[in-house]
Amino acid sequence: MKILAIDSSGLVASVAIVSENELIGEYTINYKKTHSQTLLPMLDAVVKMLEVDLKDIDAIAVAMGPGSFTGLRIGSSTAKGLGLALNKPIIEIPTVDGLAYNIGATDYIICPLMDAKRNQVYTGLYEYIDGEFQVVKQQCAVALTDILDEINAKGKKVMFLGDGVPVYQKQIAEYVKVPYVLSQIHLARQRAGAIGALACRYYEDGKMVTARDHKPEYLRLSQAERELAEKNRANQKLSEKE
């Protein structure tokens, strides 16, 4: 089994090819370039370096969201286009699950924090139970204090990772009442290798969709959609007053 994995859900752009037994190759960049500039050249470089014929892969895995609206669209359209061209299925990996999967077996609760702006985060809670990765709280968009309250209520030590950690590190230090650590820097951001490794489990369970049916999952309205909704509500209130 070979799976091509893509993650462009955040600031990081990452491409990997994995099998059920190993990470064959990975190209990850966390730099000030748009994913539209980096993703396809990265994919081309990985394929050439590994001498892989994309016709021989079994599936394409992609971080399906949440995350950056533009980044998700770029990753999803790339995966969808390849899937249609190669007639390969798409394995949709929840972004926060994939981020948490960076962390191997541990006795900490794993809490990814992706900055969703406006004091909100994309997050979830994960544990290893009998050595198996388990979703304790499914990925969601919530206020930072909501997830920290839930962590405090569980009373277990926790590990934080994700681009939201440096943004909210002060609040974490002030608010969290349980023992906690921050992940090591090489595990703290999205990686296509983790998306691909988790996708191997999905593949074995038959959790795939056709390229035609694939679409990203945003969890929240975009800024433009929120502004339009706010404008419509304001106009509605004016109409009611008149």
# chains A, B, ... in the order shown; residues from 1 in each chain; ligands from 1
>>> closest_atom_pairs(of="range 190-218 of chain A", to="range 2-20 of chain A", cutoff="12 Å", atoms="only C-alpha atoms", output="CSV")
residue,atom,partner,partner_atom,distance
A:Gln190,CA,A:Val12,CA,6.4
A:Arg191,CA,A:Ser14,CA,5.7
A:Ala192,CA,A:Ser14,CA,5.1
A:Gly193,CA,A:Ala16,CA,5.4
A:Ala194,CA,A:Ala5,CA,8.7
A:Ile195,CA,A:Ala5,CA,6.2
A:Gly196,CA,A:Ala5,CA,5.0
A:Ala197,CA,A:Val18,CA,6.7
A:Leu198,CA,A:Glu20,CA,9.7
A:Ala199,CA,A:Ile3,CA,7.7
A:Cys200,CA,A:Glu20,CA,5.9
A:Arg201,CA,A:Glu20,CA,8.4
A:Tyr202,CA,A:Glu20,CA,11.0
A:Tyr203,CA,A:Ile3,CA,9.1
A:Glu204,CA,A:Glu20,CA,9.4
A:Pro216,CA,A:Ser9,CA,9.9
A:Glu217,CA,A:Ser9,CA,10.6
A:Tyr218,CA,A:Ser9,CA,10.1
>>> select_by_dssp(residues="range 119-165 of chain A", states="strand (DSSP E or B)", output="VMD selection string")
chain A and resid 120 to 129 132 to 143 158 to 161
>>> closest_residue(among="A:Met49, A:Met42, A:Ile91, A:Ile74", to="Gly206 in chain A", atoms="only C-alpha atoms")
A:Ile91
>>> closest_residue(among="A:Ser183, A:Gln169, A:Ser36, A:Gln139", to="Leu219 in chain A", atoms="only C-alpha atoms")
A:Gln139
>>> residues_around(residues="Asp213 in chain A", least_positions_apart="3", cutoff="9 Å", atoms="only C-alpha atoms", output="MDAnalysis selection string")
chainID A and resid 80 90 209:210
>>> write_last_selection(atoms="C-alpha atoms", output="mmCIF file, in the first residue's frame")
data_model
loop_
_atom_site.group_PDB
_atom_site.id
_atom_site.type_symbol
_atom_site.label_atom_id
_atom_site.label_comp_id
_atom_site.auth_asym_id
_atom_site.auth_seq_id
_atom_site.Cartn_x
_atom_site.Cartn_y
_atom_site.Cartn_z
ATOM 1 C CA LYS A 80 -9.342 16.205 -5.896
ATOM 2 C CA ILE A 90 -9.525 10.274 -1.318
ATOM 3 C CA VAL A 209 -14.586 8.768 -0.705
ATOM 4 C CA THR A 210 -14.413 9.280 -4.437
#
>>> closest_atom_pairs(of="range 109-184 of chain A", to="range 51-67 of chain A", cutoff="12 Å", atoms="only C-alpha atoms", output="Markdown table")
| residue | atom | partner | partner_atom | distance |
| --- | --- | --- | --- | --- |
| A:Leu113 | CA | A:Gly67 | CA | 10.9 |
| A:Met114 | CA | A:Gly67 | CA | 7.6 |
| A:Asp115 | CA | A:Gly67 | CA | 8.6 |
| A:Ala116 | CA | A:Gly67 | CA | 7.6 |
| A:Lys117 | CA | A:Gly67 | CA | 10.9 |
| A:Val121 | CA | A:Gly67 | CA | 9.8 |
| A:Tyr122 | CA | A:Pro66 | CA | 7.0 |
| A:Thr123 | CA | A:Pro66 | CA | 9.4 |
| A:Gly124 | CA | A:Pro66 | CA | 11.4 |
| A:Gln138 | CA | A:Pro66 | CA | 11.8 |
| A:Gln139 | CA | A:Pro66 | CA | 8.3 |
| A:Cys140 | CA | A:Pro66 | CA | 8.3 |
| A:Ala141 | CA | A:Pro66 | CA | 8.4 |
| A:Gly162 | CA | A:Gly67 | CA | 11.4 |
| A:Asp163 | CA | A:Gly67 | CA | 10.8 |
| A:Gly164 | CA | A:Gly67 | CA | 11.5 |
>>> select_by_dssp(residues="range 178-225 of chain A", states="alpha helix (DSSP H)", output="list in words")
Ala192, Gly193, Ala194, Ile195, Gly196, Ala197, Leu198, Ala199, Cys200, Arg201, Tyr202, Tyr203, Glu204, Gln223, Ala224 and Glu225 of chain A
>>> closest_residue(among="A:Arg189, A:His35, A:Arg73, A:Lys88", to="Asn102 in chain A", atoms="only C-alpha atoms")
A:Arg189
>>> closest_residue(among="A:Leu99, A:Thr34, A:Met159, A:Gly25", to="Lys48 in chain A", atoms="only C-alpha atoms")
A:Gly25
>>> residues_around(residues="Leu182 in chain A", least_positions_apart="3", cutoff="12 Å", atoms="only C-alpha atoms", output="NGL selection string")
:A and (103 or 108-113 or 157-166 or 169 or 172-173 or 179 or 185-189)
>>> atom_distance(atom1="CA of Met208 in chain A", atom2="CA of Glu92 in chain A")
6.9 Å
>>> atom_distance(atom1="CA of Thr28 in chain A", atom2="CA of Val181 in chain A")
24.2 Å
>>> atom_distance(atom1="CA of Lys215 in chain A", atom2="CA of Pro89 in chain A")
12.7 Å
>>> closest_residue(among="A:Leu148, A:Ala105, A:Val176, A:Val46", to="Asp130 in chain A", atoms="only C-alpha atoms")
A:Ala105
>>> decode(residues="range 29-43 of chain A", atoms="all heavy atoms", output="PDB file, in the first residue's frame")
ATOM      1  N   ILE A  29       7.442  22.461   4.615  1.00  0.00           N
ATOM      2  CA  ILE A  29       7.950  23.832   4.625  1.00  0.00           C
ATOM      3  C   ILE A  29       7.043  24.697   5.503  1.00  0.00           C
ATOM      4  O   ILE A  29       5.826  24.689   5.357  1.00  0.00           O
ATOM      5  CB  ILE A  29       7.979  24.419   3.196  1.00  0.00           C
ATOM      6  CG1 ILE A  29       9.033  23.717   2.346  1.00  0.00           C
ATOM      7  CG2 ILE A  29       8.261  25.925   3.243  1.00  0.00           C
ATOM      8  CD1 ILE A  29      10.459  24.008   2.743  1.00  0.00           C
ATOM      9  N   ASN A  30       7.668  25.444   6.407  1.00  0.00           N
ATOM     10  CA  ASN A  30       6.948  26.409   7.234  1.00  0.00           C
ATOM     11  C   ASN A  30       7.598  27.760   6.993  1.00  0.00           C
ATOM     12  O   ASN A  30       8.486  28.189   7.722  1.00  0.00           O
ATOM     13  CB  ASN A  30       7.055  26.008   8.710  1.00  0.00           C
ATOM     14  CG  ASN A  30       6.266  26.933   9.622  1.00  0.00           C
ATOM     15  OD1 ASN A  30       5.493  27.763   9.160  1.00  0.00           O
ATOM     16  ND2 ASN A  30       6.470  26.803  10.922  1.00  0.00           N
ATOM     17  N   TYR A  31       7.155  28.408   5.910  1.00  0.00           N
ATOM     18  CA  TYR A  31       7.808  29.644   5.516  1.00  0.00           C
ATOM     19  C   TYR A  31       6.787  30.591   4.902  1.00  0.00           C
ATOM     20  O   TYR A  31       5.634  30.215   4.675  1.00  0.00           O
ATOM     21  CB  TYR A  31       8.959  29.358   4.529  1.00  0.00           C
ATOM     22  CG  TYR A  31       9.895  30.531   4.330  1.00  0.00           C
ATOM     23  CD1 TYR A  31      10.617  31.052   5.405  1.00  0.00           C
ATOM     24  CD2 TYR A  31      10.031  31.121   3.088  1.00  0.00           C
ATOM     25  CE1 TYR A  31      11.463  32.119   5.226  1.00  0.00           C
ATOM     26  CE2 TYR A  31      10.885  32.203   2.901  1.00  0.00           C
ATOM     27  CZ  TYR A  31      11.595  32.696   3.976  1.00  0.00           C
ATOM     28  OH  TYR A  31      12.421  33.771   3.803  1.00  0.00           O
ATOM     29  N   LYS A  32       7.223  31.815   4.603  1.00  0.00           N
ATOM     30  CA  LYS A  32       6.318  32.886   4.189  1.00  0.00           C
ATOM     31  C   LYS A  32       5.985  32.829   2.701  1.00  0.00           C
ATOM     32  O   LYS A  32       6.131  33.810   1.990  1.00  0.00           O
ATOM     33  CB  LYS A  32       6.930  34.239   4.527  1.00  0.00           C
ATOM     34  CG  LYS A  32       7.287  34.421   5.996  1.00  0.00           C
ATOM     35  CD  LYS A  32       8.042  35.721   6.211  1.00  0.00           C
ATOM     36  CE  LYS A  32       8.488  35.875   7.650  1.00  0.00           C
ATOM     37  NZ  LYS A  32       9.265  37.126   7.864  1.00  0.00           N
ATOM     38  N   LYS A  33       5.558  31.695   2.226  1.00  0.00           N
ATOM     39  CA  LYS A  33       5.101  31.583   0.856  1.00  0.00           C
ATOM     40  C   LYS A  33       3.710  30.973   0.861  1.00  0.00           C
ATOM     41  O   LYS A  33       3.360  30.207   1.755  1.00  0.00           O
ATOM     42  CB  LYS A  33       6.063  30.723   0.026  1.00  0.00           C
ATOM     43  CG  LYS A  33       7.409  31.387  -0.229  1.00  0.00           C
ATOM     44  CD  LYS A  33       8.263  30.554  -1.176  1.00  0.00           C
ATOM     45  CE  LYS A  33       9.587  31.247  -1.460  1.00  0.00           C
ATOM     46  NZ  LYS A  33      10.438  30.452  -2.380  1.00  0.00           N
ATOM     47  N   THR A  34       2.936  31.322  -0.146  1.00  0.00           N
ATOM     48  CA  THR A  34       1.594  30.764  -0.211  1.00  0.00           C
ATOM     49  C   THR A  34       1.663  29.317  -0.681  1.00  0.00           C
ATOM     50  O   THR A  34       2.569  28.926  -1.412  1.00  0.00           O
ATOM     51  CB  THR A  34       0.707  31.565  -1.183  1.00  0.00           C
ATOM     52  OG1 THR A  34       1.248  31.445  -2.502  1.00  0.00           O
ATOM     53  CG2 THR A  34       0.655  33.033  -0.788  1.00  0.00           C
ATOM     54  N   HIS A  35       0.692  28.536  -0.257  1.00  0.00           N
ATOM     55  CA  HIS A  35       0.672  27.127  -0.630  1.00  0.00           C
ATOM     56  C   HIS A  35       0.501  26.939  -2.138  1.00  0.00           C
ATOM     57  O   HIS A  35       0.918  25.923  -2.688  1.00  0.00           O
ATOM     58  CB  HIS A  35      -0.429  26.401   0.129  1.00  0.00           C
ATOM     59  CG  HIS A  35      -0.231  26.414   1.607  1.00  0.00           C
ATOM     60  ND1 HIS A  35       1.005  26.417   2.191  1.00  0.00           N
ATOM     61  CD2 HIS A  35      -1.130  26.436   2.638  1.00  0.00           C
ATOM     62  CE1 HIS A  35       0.882  26.431   3.508  1.00  0.00           C
ATOM     63  NE2 HIS A  35      -0.407  26.437   3.797  1.00  0.00           N
ATOM     64  N   SER A  36      -0.105  27.925  -2.795  1.00  0.00           N
ATOM     65  CA  SER A  36      -0.242  27.831  -4.246  1.00  0.00           C
ATOM     66  C   SER A  36       1.122  27.897  -4.924  1.00  0.00           C
ATOM     67  O   SER A  36       1.303  27.372  -6.028  1.00  0.00           O
ATOM     68  CB  SER A  36      -1.141  28.957  -4.772  1.00  0.00           C
ATOM     69  OG  SER A  36      -0.605  30.233  -4.448  1.00  0.00           O
ATOM     70  N   GLN A  37       2.104  28.510  -4.262  1.00  0.00           N
ATOM     71  CA  GLN A  37       3.458  28.573  -4.795  1.00  0.00           C
ATOM     72  C   GLN A  37       4.261  27.313  -4.492  1.00  0.00           C
ATOM     73  O   GLN A  37       5.134  26.924  -5.259  1.00  0.00           O
ATOM     74  CB  GLN A  37       4.214  29.769  -4.198  1.00  0.00           C
ATOM     75  CG  GLN A  37       3.705  31.141  -4.618  1.00  0.00           C
ATOM     76  CD  GLN A  37       4.454  32.233  -3.881  1.00  0.00           C
ATOM     77  OE1 GLN A  37       4.309  32.399  -2.677  1.00  0.00           O
ATOM     78  NE2 GLN A  37       5.274  32.968  -4.608  1.00  0.00           N
ATOM     79  N   THR A  38       3.981  26.705  -3.362  1.00  0.00           N
ATOM     80  CA  THR A  38       4.870  25.653  -2.860  1.00  0.00           C
ATOM     81  C   THR A  38       4.370  24.228  -3.074  1.00  0.00           C
ATOM     82  O   THR A  38       5.173  23.313  -3.300  1.00  0.00           O
ATOM     83  CB  THR A  38       5.113  25.840  -1.350  1.00  0.00           C
ATOM     84  OG1 THR A  38       3.853  25.818  -0.658  1.00  0.00           O
ATOM     85  CG2 THR A  38       5.823  27.151  -1.066  1.00  0.00           C
ATOM     86  N   LEU A  39       3.063  24.007  -2.999  1.00  0.00           N
ATOM     87  CA  LEU A  39       2.560  22.638  -2.876  1.00  0.00           C
ATOM     88  C   LEU A  39       2.893  21.765  -4.088  1.00  0.00           C
ATOM     89  O   LEU A  39       3.429  20.657  -3.943  1.00  0.00           O
ATOM     90  CB  LEU A  39       1.051  22.656  -2.616  1.00  0.00           C
ATOM     91  CG  LEU A  39       0.464  21.360  -2.059  1.00  0.00           C
ATOM     92  CD1 LEU A  39       1.087  21.021  -0.710  1.00  0.00           C
ATOM     93  CD2 LEU A  39      -1.051  21.476  -1.917  1.00  0.00           C
ATOM     94  N   LEU A  40       2.582  22.232  -5.281  1.00  0.00           N
ATOM     95  CA  LEU A  40       2.832  21.407  -6.470  1.00  0.00           C
ATOM     96  C   LEU A  40       4.331  21.193  -6.727  1.00  0.00           C
ATOM     97  O   LEU A  40       4.734  20.064  -7.057  1.00  0.00           O
ATOM     98  CB  LEU A  40       2.139  22.012  -7.688  1.00  0.00           C
ATOM     99  CG  LEU A  40       0.605  21.856  -7.715  1.00  0.00           C
ATOM    100  CD1 LEU A  40       0.016  22.550  -8.933  1.00  0.00           C
ATOM    101  CD2 LEU A  40       0.203  20.392  -7.685  1.00  0.00           C
ATOM    102  N   PRO A  41       5.178  22.227  -6.579  1.00  0.00           N
ATOM    103  CA  PRO A  41       6.627  21.964  -6.716  1.00  0.00           C
ATOM    104  C   PRO A  41       7.144  20.973  -5.678  1.00  0.00           C
ATOM    105  O   PRO A  41       8.010  20.143  -5.980  1.00  0.00           O
ATOM    106  CB  PRO A  41       7.257  23.353  -6.523  1.00  0.00           C
ATOM    107  CG  PRO A  41       6.195  24.306  -6.948  1.00  0.00           C
ATOM    108  CD  PRO A  41       4.912  23.681  -6.502  1.00  0.00           C
ATOM    109  N   MET A  42       6.611  21.041  -4.447  1.00  0.00           N
ATOM    110  CA  MET A  42       7.007  20.089  -3.412  1.00  0.00           C
ATOM    111  C   MET A  42       6.591  18.673  -3.800  1.00  0.00           C
ATOM    112  O   MET A  42       7.360  17.716  -3.662  1.00  0.00           O
ATOM    113  CB  MET A  42       6.383  20.482  -2.070  1.00  0.00           C
ATOM    114  CG  MET A  42       6.974  21.729  -1.454  1.00  0.00           C
ATOM    115  SD  MET A  42       5.970  22.383  -0.106  1.00  0.00           S
ATOM    116  CE  MET A  42       5.990  21.024   1.033  1.00  0.00           C
ATOM    117  N   LEU A  43       5.370  18.535  -4.281  1.00  0.00           N
ATOM    118  CA  LEU A  43       4.860  17.239  -4.708  1.00  0.00           C
ATOM    119  C   LEU A  43       5.714  16.673  -5.839  1.00  0.00           C
ATOM    120  O   LEU A  43       6.102  15.491  -5.825  1.00  0.00           O
ATOM    121  CB  LEU A  43       3.404  17.379  -5.157  1.00  0.00           C
ATOM    122  CG  LEU A  43       2.736  16.155  -5.797  1.00  0.00           C
ATOM    123  CD1 LEU A  43       2.746  14.975  -4.849  1.00  0.00           C
ATOM    124  CD2 LEU A  43       1.316  16.503  -6.218  1.00  0.00           C
TER     125      LEU A  43
END
